[in-house]
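Have a look at run-v9.txt below; it lists compact mmCIF, N, CA and C atoms.
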```txt
# COMPACT_ATOMS: atom_id res chain seq x y z
N MET Z 1 24.59 44.53 77.61
CA MET Z 1 23.30 44.29 76.99
C MET Z 1 22.44 43.46 77.94
N VAL Z 2 21.20 43.88 78.12
CA VAL Z 2 20.26 43.15 78.96
C VAL Z 2 19.48 42.19 78.08
N ARG Z 3 19.40 40.97 78.48
CA ARG Z 3 18.69 39.95 77.71
C ARG Z 3 17.18 40.21 77.76
N PRO Z 4 16.48 39.96 76.66
CA PRO Z 4 15.03 40.20 76.63
C PRO Z 4 14.27 39.46 77.72
N TYR Z 5 14.67 38.24 78.06
CA TYR Z 5 13.93 37.51 79.09
C TYR Z 5 14.09 38.15 80.46
N THR Z 6 15.15 38.93 80.65
CA THR Z 6 15.33 39.66 81.90
C THR Z 6 14.36 40.82 81.96
N ILE Z 7 14.21 41.52 80.85
CA ILE Z 7 13.31 42.67 80.79
C ILE Z 7 11.86 42.23 81.02
N THR Z 8 11.50 41.08 80.49
CA THR Z 8 10.11 40.60 80.60
C THR Z 8 9.91 39.69 81.80
N ARG Z 9 10.94 39.54 82.62
CA ARG Z 9 10.88 38.66 83.80
C ARG Z 9 10.53 37.23 83.41
N GLY Z 10 11.09 36.78 82.31
CA GLY Z 10 10.93 35.40 81.88
C GLY Z 10 9.68 35.11 81.07
N ARG Z 11 8.84 36.11 80.87
CA ARG Z 11 7.62 35.89 80.09
C ARG Z 11 7.94 35.87 78.60
N THR Z 12 7.27 35.02 77.87
CA THR Z 12 7.54 34.91 76.43
C THR Z 12 6.36 35.36 75.57
N ALA Z 13 5.23 35.67 76.20
CA ALA Z 13 4.05 36.11 75.45
C ALA Z 13 3.29 37.14 76.28
N PRO Z 14 2.70 38.13 75.62
CA PRO Z 14 1.92 39.13 76.36
C PRO Z 14 0.59 38.55 76.83
N GLU Z 15 0.04 39.17 77.86
CA GLU Z 15 -1.28 38.75 78.36
C GLU Z 15 -2.37 39.05 77.33
N ARG Z 16 -2.16 40.09 76.53
CA ARG Z 16 -3.09 40.46 75.47
C ARG Z 16 -2.52 40.00 74.15
N ASP Z 17 -3.39 39.53 73.28
CA ASP Z 17 -2.92 39.06 71.98
C ASP Z 17 -3.50 39.90 70.84
N ASP Z 18 -3.96 41.10 71.16
CA ASP Z 18 -4.62 41.92 70.14
C ASP Z 18 -3.74 43.06 69.63
N PHE Z 19 -2.48 43.11 70.01
CA PHE Z 19 -1.59 44.14 69.49
C PHE Z 19 -1.09 43.74 68.10
N THR Z 20 -1.17 44.67 67.17
CA THR Z 20 -0.56 44.50 65.85
C THR Z 20 0.55 45.53 65.74
N LEU Z 21 1.29 45.51 64.67
CA LEU Z 21 2.37 46.48 64.50
C LEU Z 21 1.85 47.91 64.39
N ILE Z 22 0.58 48.06 63.97
CA ILE Z 22 0.03 49.40 63.78
C ILE Z 22 -0.97 49.80 64.85
N THR Z 23 -1.08 49.03 65.93
CA THR Z 23 -1.92 49.43 67.06
C THR Z 23 -1.37 50.72 67.62
N VAL Z 24 -2.23 51.69 67.86
CA VAL Z 24 -1.81 53.01 68.34
C VAL Z 24 -1.91 53.05 69.86
N LEU Z 25 -0.85 53.54 70.49
CA LEU Z 25 -0.76 53.60 71.95
C LEU Z 25 -0.61 55.04 72.40
N THR Z 26 -1.27 55.37 73.51
CA THR Z 26 -1.20 56.71 74.05
C THR Z 26 -1.16 56.63 75.57
N THR Z 27 -0.27 57.42 76.18
CA THR Z 27 -0.20 57.49 77.64
C THR Z 27 -1.45 58.19 78.15
N ARG Z 28 -2.01 57.64 79.22
CA ARG Z 28 -3.20 58.28 79.82
C ARG Z 28 -2.76 59.52 80.58
N ASP Z 29 -3.56 60.58 80.49
CA ASP Z 29 -3.22 61.84 81.15
C ASP Z 29 -3.14 61.69 82.66
N GLU Z 30 -4.20 61.21 83.25
CA GLU Z 30 -4.24 61.02 84.69
C GLU Z 30 -4.71 59.60 84.97
N PRO Z 31 -3.78 58.64 84.98
CA PRO Z 31 -4.21 57.25 85.21
C PRO Z 31 -4.73 57.05 86.63
N LEU Z 32 -5.89 56.43 86.72
CA LEU Z 32 -6.53 56.16 88.01
C LEU Z 32 -6.81 54.68 88.13
N ASP Z 33 -6.76 54.16 89.36
CA ASP Z 33 -7.12 52.76 89.55
C ASP Z 33 -8.63 52.63 89.62
N GLU Z 34 -9.11 51.42 89.88
CA GLU Z 34 -10.57 51.18 89.87
C GLU Z 34 -11.30 51.95 90.97
N ARG Z 35 -10.58 52.43 92.00
CA ARG Z 35 -11.21 53.22 93.07
C ARG Z 35 -11.06 54.72 92.85
N GLY Z 36 -10.44 55.11 91.73
CA GLY Z 36 -10.27 56.52 91.43
C GLY Z 36 -9.03 57.13 92.05
N VAL Z 37 -8.14 56.30 92.60
CA VAL Z 37 -6.91 56.79 93.21
C VAL Z 37 -5.84 56.90 92.11
N PRO Z 38 -5.11 58.02 92.06
CA PRO Z 38 -4.07 58.16 91.03
C PRO Z 38 -3.02 57.06 91.13
N LEU Z 39 -2.64 56.52 89.98
CA LEU Z 39 -1.61 55.48 89.93
C LEU Z 39 -0.24 56.13 89.93
N ARG Z 40 0.70 55.49 90.62
CA ARG Z 40 2.07 56.00 90.65
C ARG Z 40 2.95 55.11 89.78
N THR Z 41 3.83 55.75 89.04
CA THR Z 41 4.68 55.01 88.10
C THR Z 41 6.09 54.83 88.62
N GLY Z 42 6.34 55.10 89.87
CA GLY Z 42 7.69 55.06 90.43
C GLY Z 42 8.35 53.70 90.41
N ARG Z 43 7.60 52.62 90.48
CA ARG Z 43 8.18 51.29 90.56
C ARG Z 43 8.29 50.58 89.21
N LEU Z 44 8.13 51.31 88.16
CA LEU Z 44 8.22 50.71 86.83
C LEU Z 44 9.68 50.52 86.42
N GLN Z 45 9.87 49.56 85.52
CA GLN Z 45 11.20 49.34 84.94
C GLN Z 45 11.54 50.52 84.04
N PRO Z 46 12.82 50.73 83.77
CA PRO Z 46 13.21 51.83 82.87
C PRO Z 46 12.55 51.74 81.50
N GLU Z 47 12.38 50.52 80.99
CA GLU Z 47 11.74 50.35 79.68
C GLU Z 47 10.28 50.78 79.72
N HIS Z 48 9.60 50.49 80.82
CA HIS Z 48 8.20 50.93 80.97
C HIS Z 48 8.13 52.46 80.97
N ARG Z 49 9.03 53.09 81.71
CA ARG Z 49 9.04 54.56 81.77
C ARG Z 49 9.36 55.15 80.39
N ALA Z 50 10.25 54.51 79.65
CA ALA Z 50 10.59 54.99 78.30
C ALA Z 50 9.37 54.89 77.37
N ILE Z 51 8.61 53.82 77.52
CA ILE Z 51 7.39 53.66 76.71
C ILE Z 51 6.40 54.76 77.03
N LEU Z 52 6.18 55.03 78.32
CA LEU Z 52 5.23 56.07 78.71
C LEU Z 52 5.66 57.43 78.18
N ALA Z 53 6.95 57.71 78.21
CA ALA Z 53 7.45 58.99 77.68
C ALA Z 53 7.24 59.07 76.18
N ARG Z 54 7.51 57.98 75.47
CA ARG Z 54 7.36 57.97 74.01
C ARG Z 54 5.89 58.09 73.60
N CYS Z 55 5.00 57.50 74.37
CA CYS Z 55 3.59 57.46 73.99
C CYS Z 55 2.79 58.66 74.49
N ARG Z 56 3.48 59.71 74.93
CA ARG Z 56 2.74 60.95 75.24
C ARG Z 56 2.07 61.47 73.97
N ARG Z 57 2.71 61.19 72.84
CA ARG Z 57 2.10 61.42 71.53
C ARG Z 57 1.75 60.05 70.99
N PRO Z 58 0.62 59.88 70.33
CA PRO Z 58 0.25 58.56 69.81
C PRO Z 58 1.36 57.93 68.98
N SER Z 59 1.66 56.67 69.30
CA SER Z 59 2.72 55.93 68.60
C SER Z 59 2.25 54.52 68.32
N ALA Z 60 2.68 53.97 67.20
CA ALA Z 60 2.36 52.59 66.85
C ALA Z 60 3.32 51.64 67.55
N VAL Z 61 2.90 50.40 67.71
CA VAL Z 61 3.72 49.38 68.36
C VAL Z 61 5.09 49.30 67.68
N ALA Z 62 5.12 49.30 66.36
CA ALA Z 62 6.39 49.21 65.63
C ALA Z 62 7.30 50.39 65.95
N GLU Z 63 6.73 51.59 66.07
CA GLU Z 63 7.53 52.76 66.40
C GLU Z 63 8.12 52.66 67.80
N VAL Z 64 7.32 52.18 68.73
CA VAL Z 64 7.79 52.04 70.11
C VAL Z 64 8.93 51.02 70.17
N ALA Z 65 8.76 49.89 69.51
CA ALA Z 65 9.80 48.85 69.50
C ALA Z 65 11.10 49.39 68.88
N ALA Z 66 10.98 50.11 67.79
CA ALA Z 66 12.16 50.68 67.15
C ALA Z 66 12.83 51.71 68.04
N GLY Z 67 12.03 52.53 68.70
CA GLY Z 67 12.58 53.55 69.58
C GLY Z 67 13.29 52.96 70.79
N LEU Z 68 12.81 51.83 71.27
CA LEU Z 68 13.45 51.16 72.41
C LEU Z 68 14.59 50.25 71.99
N ASP Z 69 14.69 49.98 70.68
CA ASP Z 69 15.66 49.04 70.15
C ASP Z 69 15.48 47.65 70.78
N LEU Z 70 14.21 47.24 70.87
CA LEU Z 70 13.85 45.93 71.42
C LEU Z 70 13.05 45.16 70.38
N PRO Z 71 13.08 43.83 70.45
CA PRO Z 71 12.22 43.05 69.55
C PRO Z 71 10.74 43.38 69.79
N VAL Z 72 9.95 43.29 68.75
CA VAL Z 72 8.52 43.59 68.86
C VAL Z 72 7.86 42.68 69.90
N SER Z 73 8.26 41.42 69.95
CA SER Z 73 7.65 40.49 70.90
C SER Z 73 7.87 40.93 72.35
N VAL Z 74 9.05 41.42 72.65
CA VAL Z 74 9.35 41.92 74.00
C VAL Z 74 8.57 43.20 74.26
N THR Z 75 8.52 44.07 73.28
CA THR Z 75 7.80 45.34 73.42
C THR Z 75 6.31 45.08 73.69
N LYS Z 76 5.72 44.11 73.01
CA LYS Z 76 4.30 43.80 73.22
C LYS Z 76 4.04 43.36 74.66
N ILE Z 77 4.97 42.62 75.25
CA ILE Z 77 4.81 42.19 76.65
C ILE Z 77 4.82 43.41 77.57
N LEU Z 78 5.75 44.32 77.34
CA LEU Z 78 5.82 45.53 78.16
C LEU Z 78 4.60 46.41 77.97
N LEU Z 79 4.13 46.52 76.74
CA LEU Z 79 2.93 47.32 76.46
C LEU Z 79 1.71 46.73 77.16
N ALA Z 80 1.59 45.42 77.12
CA ALA Z 80 0.46 44.77 77.79
C ALA Z 80 0.48 45.04 79.29
N ASP Z 81 1.68 45.08 79.89
CA ASP Z 81 1.80 45.42 81.31
C ASP Z 81 1.19 46.79 81.58
N LEU Z 82 1.58 47.76 80.75
CA LEU Z 82 1.13 49.14 80.96
C LEU Z 82 -0.36 49.31 80.70
N VAL Z 83 -0.88 48.65 79.68
CA VAL Z 83 -2.32 48.72 79.41
C VAL Z 83 -3.08 48.08 80.56
N GLY Z 84 -2.58 46.95 81.05
CA GLY Z 84 -3.21 46.26 82.17
C GLY Z 84 -3.23 47.09 83.45
N GLN Z 85 -2.22 47.93 83.63
CA GLN Z 85 -2.14 48.79 84.81
C GLN Z 85 -2.93 50.08 84.64
N GLY Z 86 -3.47 50.30 83.46
CA GLY Z 86 -4.25 51.52 83.22
C GLY Z 86 -3.40 52.74 82.92
N LEU Z 87 -2.13 52.55 82.59
CA LEU Z 87 -1.25 53.68 82.31
C LEU Z 87 -1.18 54.04 80.84
N LEU Z 88 -1.66 53.13 80.00
CA LEU Z 88 -1.55 53.29 78.56
C LEU Z 88 -2.85 52.82 77.92
N THR Z 89 -3.27 53.51 76.85
CA THR Z 89 -4.45 53.05 76.11
C THR Z 89 -3.99 52.56 74.74
N ALA Z 90 -4.68 51.54 74.25
CA ALA Z 90 -4.37 50.98 72.94
C ALA Z 90 -5.64 50.99 72.11
N ARG Z 91 -5.49 51.33 70.84
CA ARG Z 91 -6.65 51.31 69.94
C ARG Z 91 -6.18 50.95 68.54
N ALA Z 92 -7.11 50.44 67.79
CA ALA Z 92 -6.82 50.15 66.38
C ALA Z 92 -6.62 51.48 65.66
N PRO Z 93 -5.78 51.52 64.63
CA PRO Z 93 -5.56 52.77 63.92
C PRO Z 93 -6.79 53.20 63.15
N LEU Z 94 -6.98 54.50 63.06
CA LEU Z 94 -8.07 55.04 62.25
C LEU Z 94 -7.63 55.07 60.80
N THR Z 95 -8.49 54.70 59.93
CA THR Z 95 -8.15 54.82 58.52
C THR Z 95 -8.29 56.29 58.11
N VAL Z 96 -7.58 56.68 57.11
CA VAL Z 96 -7.63 58.07 56.65
C VAL Z 96 -9.04 58.43 56.24
N ALA Z 97 -9.72 57.54 55.52
CA ALA Z 97 -11.08 57.84 55.06
C ALA Z 97 -12.02 58.01 56.25
N ARG Z 98 -11.90 57.14 57.24
CA ARG Z 98 -12.79 57.23 58.40
C ARG Z 98 -12.51 58.49 59.20
N ALA Z 99 -11.24 58.85 59.33
CA ALA Z 99 -10.87 60.05 60.08
C ALA Z 99 -11.39 61.31 59.39
N ALA Z 100 -11.49 61.26 58.06
CA ALA Z 100 -11.96 62.42 57.31
C ALA Z 100 -13.49 62.45 57.19
N GLY Z 101 -14.16 61.50 57.79
CA GLY Z 101 -15.61 61.49 57.75
C GLY Z 101 -16.19 60.60 56.68
N GLY Z 102 -15.41 59.74 56.10
CA GLY Z 102 -15.91 58.83 55.08
C GLY Z 102 -15.16 58.97 53.78
N ALA Z 103 -15.28 57.99 52.94
CA ALA Z 103 -14.58 58.01 51.66
C ALA Z 103 -15.25 59.00 50.71
N ASP Z 104 -14.44 59.75 50.01
CA ASP Z 104 -14.94 60.69 49.01
C ASP Z 104 -15.14 59.91 47.71
N ARG Z 105 -16.39 59.64 47.36
CA ARG Z 105 -16.69 58.80 46.20
C ARG Z 105 -16.21 59.44 44.89
N SER Z 106 -16.26 60.75 44.81
CA SER Z 106 -15.80 61.40 43.57
C SER Z 106 -14.29 61.22 43.42
N MET Z 107 -13.57 61.26 44.51
CA MET Z 107 -12.12 61.04 44.46
C MET Z 107 -11.82 59.61 44.05
N LEU Z 108 -12.55 58.65 44.61
CA LEU Z 108 -12.36 57.25 44.25
C LEU Z 108 -12.68 57.01 42.78
N ALA Z 109 -13.73 57.65 42.29
CA ALA Z 109 -14.10 57.50 40.88
C ALA Z 109 -13.01 58.10 39.98
N ALA Z 110 -12.45 59.24 40.37
CA ALA Z 110 -11.39 59.86 39.58
C ALA Z 110 -10.15 58.97 39.54
N VAL Z 111 -9.82 58.35 40.66
CA VAL Z 111 -8.68 57.43 40.70
C VAL Z 111 -8.94 56.23 39.79
N ARG Z 112 -10.15 55.68 39.90
CA ARG Z 112 -10.52 54.54 39.05
C ARG Z 112 -10.41 54.89 37.58
N ASP Z 113 -10.95 56.04 37.20
CA ASP Z 113 -10.91 56.46 35.81
C ASP Z 113 -9.47 56.70 35.33
N GLY Z 114 -8.66 57.27 36.19
CA GLY Z 114 -7.25 57.49 35.84
C GLY Z 114 -6.51 56.18 35.63
N LEU Z 115 -6.80 55.20 36.48
CA LEU Z 115 -6.17 53.89 36.33
C LEU Z 115 -6.60 53.20 35.04
N ARG Z 116 -7.86 53.37 34.67
CA ARG Z 116 -8.34 52.76 33.44
C ARG Z 116 -7.66 53.36 32.22
N ARG Z 117 -7.36 54.66 32.29
CA ARG Z 117 -6.69 55.33 31.16
C ARG Z 117 -5.25 54.86 30.99
N LEU Z 118 -4.67 54.31 32.02
CA LEU Z 118 -3.29 53.81 31.91
C LEU Z 118 -3.30 52.59 31.06
```
Could you render the structure from this file as structure tokens?
Amino acid sequence: MVRPYTITRGRTAPERDDFTLITVLTTRDEPLDERGVPLRTGRLQPEHRAILARCRRPSAVAEVAAGLDLPVSVTKILLADLVGQGLLTARAPLTVARAAGGADRSMLAAVRDGLRRL
């Protein structure tokens, strides 16, 4: 078993503090540096490469941590590394209503009325 402080190189907190358990992460298709040169992932730790493979499809922080079998705190440090290198994007989750174009007021009214009848 590899100790978490070994994986994070002794770091105990991520550089970013905006990750929540439901932050959605996605691997960038063609990561480029600030000069437009493609980034190479050859020197990454195995855990970093596993994260990039898992996040080819959007995944939440909690899902990534569970898939790696690592504590969430350690996973957040690794995720911050990848976001900082431009290999991964992080965004807040979309709500179902927002993704569908807004809340359906008639549906909300029907739910409200049904709850009142209980």
Calculated over only C-alpha atoms, which of the candidates Z:Arg57, Z:Arg105, Z:Arg11, Z:Arg43 has the smallest distance to Arg28 in chain Z?
Z:Arg57
When you look at Ala90 in chain Z with a cut-off of 6 Å (counting all atoms listed in the file), what residues show up, excluding the ones that are within fewer than 3 positions of it in the same chain? I need them as a PyMOL selection string.
chain Z and resi 24-26
Just N, CA and C atoms for this one: save the residues we selected as a tab-separated table (two decimals), in the frame of the given file.
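And here's result30.tsv as it stands now:
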```tsv
chain	number	residue	atom	x	y	z
Z	24	VAL	N	-2.23	51.69	67.86
Z	24	VAL	CA	-1.81	53.01	68.34
Z	24	VAL	C	-1.91	53.05	69.86
Z	25	LEU	N	-0.85	53.54	70.49
Z	25	LEU	CA	-0.76	53.60	71.95
Z	25	LEU	C	-0.61	55.04	72.40
Z	26	THR	N	-1.27	55.37	73.51
Z	26	THR	CA	-1.20	56.71	74.05
Z	26	THR	C	-1.16	56.63	75.57
```
So what do you get for CA of Leu52 in chain Z versus CA of Val64 in chain Z, distance-wise?
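Going from CA of Leu52 in chain Z over to CA of Val64 in chain Z covers 9.8 Å.
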Interatomic distance (Å, one decimal) between atom C of Leu79 in chain Z and atom C of Pro93 in chain Z:
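Going from atom C of Leu79 in chain Z over to atom C of Pro93 in chain Z covers 17.6 Å.
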Residues within 7 Å of Leu87 in chain Z, all atoms listed in the file, excluding chain neighbours under 2 positions, as a list in words
Thr26, Thr27, Arg28, Asp29, Pro31, Leu32, Asp81, Leu82, Val83, Gly84, Gln85 and Thr89 of chain Z
With distances taken over only C-alpha atoms, which of Z:Glu15, Z:Gln45, Z:Arg116, Z:Ala110 is nearest to Ile77 in chain Z?
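For Ile77 in chain Z, the nearest of the candidates is Z:Glu15.
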Please measure the separation of CA of Pro58 in chain Z and atom N of Leu108 in chain Z, giving the value in Å to one decimal.
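According to the coordinates, CA of Pro58 in chain Z and atom N of Leu108 in chain Z are separated by 28.3 Å.
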Let me know the centre plus edge lengths, in Å and rounded to one decimal, of a box with edges along x, y and z that contains all listed atoms of range 80-95 of chain Z and is padded by 6 Å on every side, as AutoDock Vina command-line options.
```
--center_x -3.3 --center_y 50.5 --center_z 71.5 --size_x 22.3 --size_y 23.5 --size_z 38.7
```
Cut-off 6 Å around (4.0, 45.4, 64.3) with all atoms listed in the file: residues as a VMD selection string:
chain Z and resid 20 to 22 61 to 62
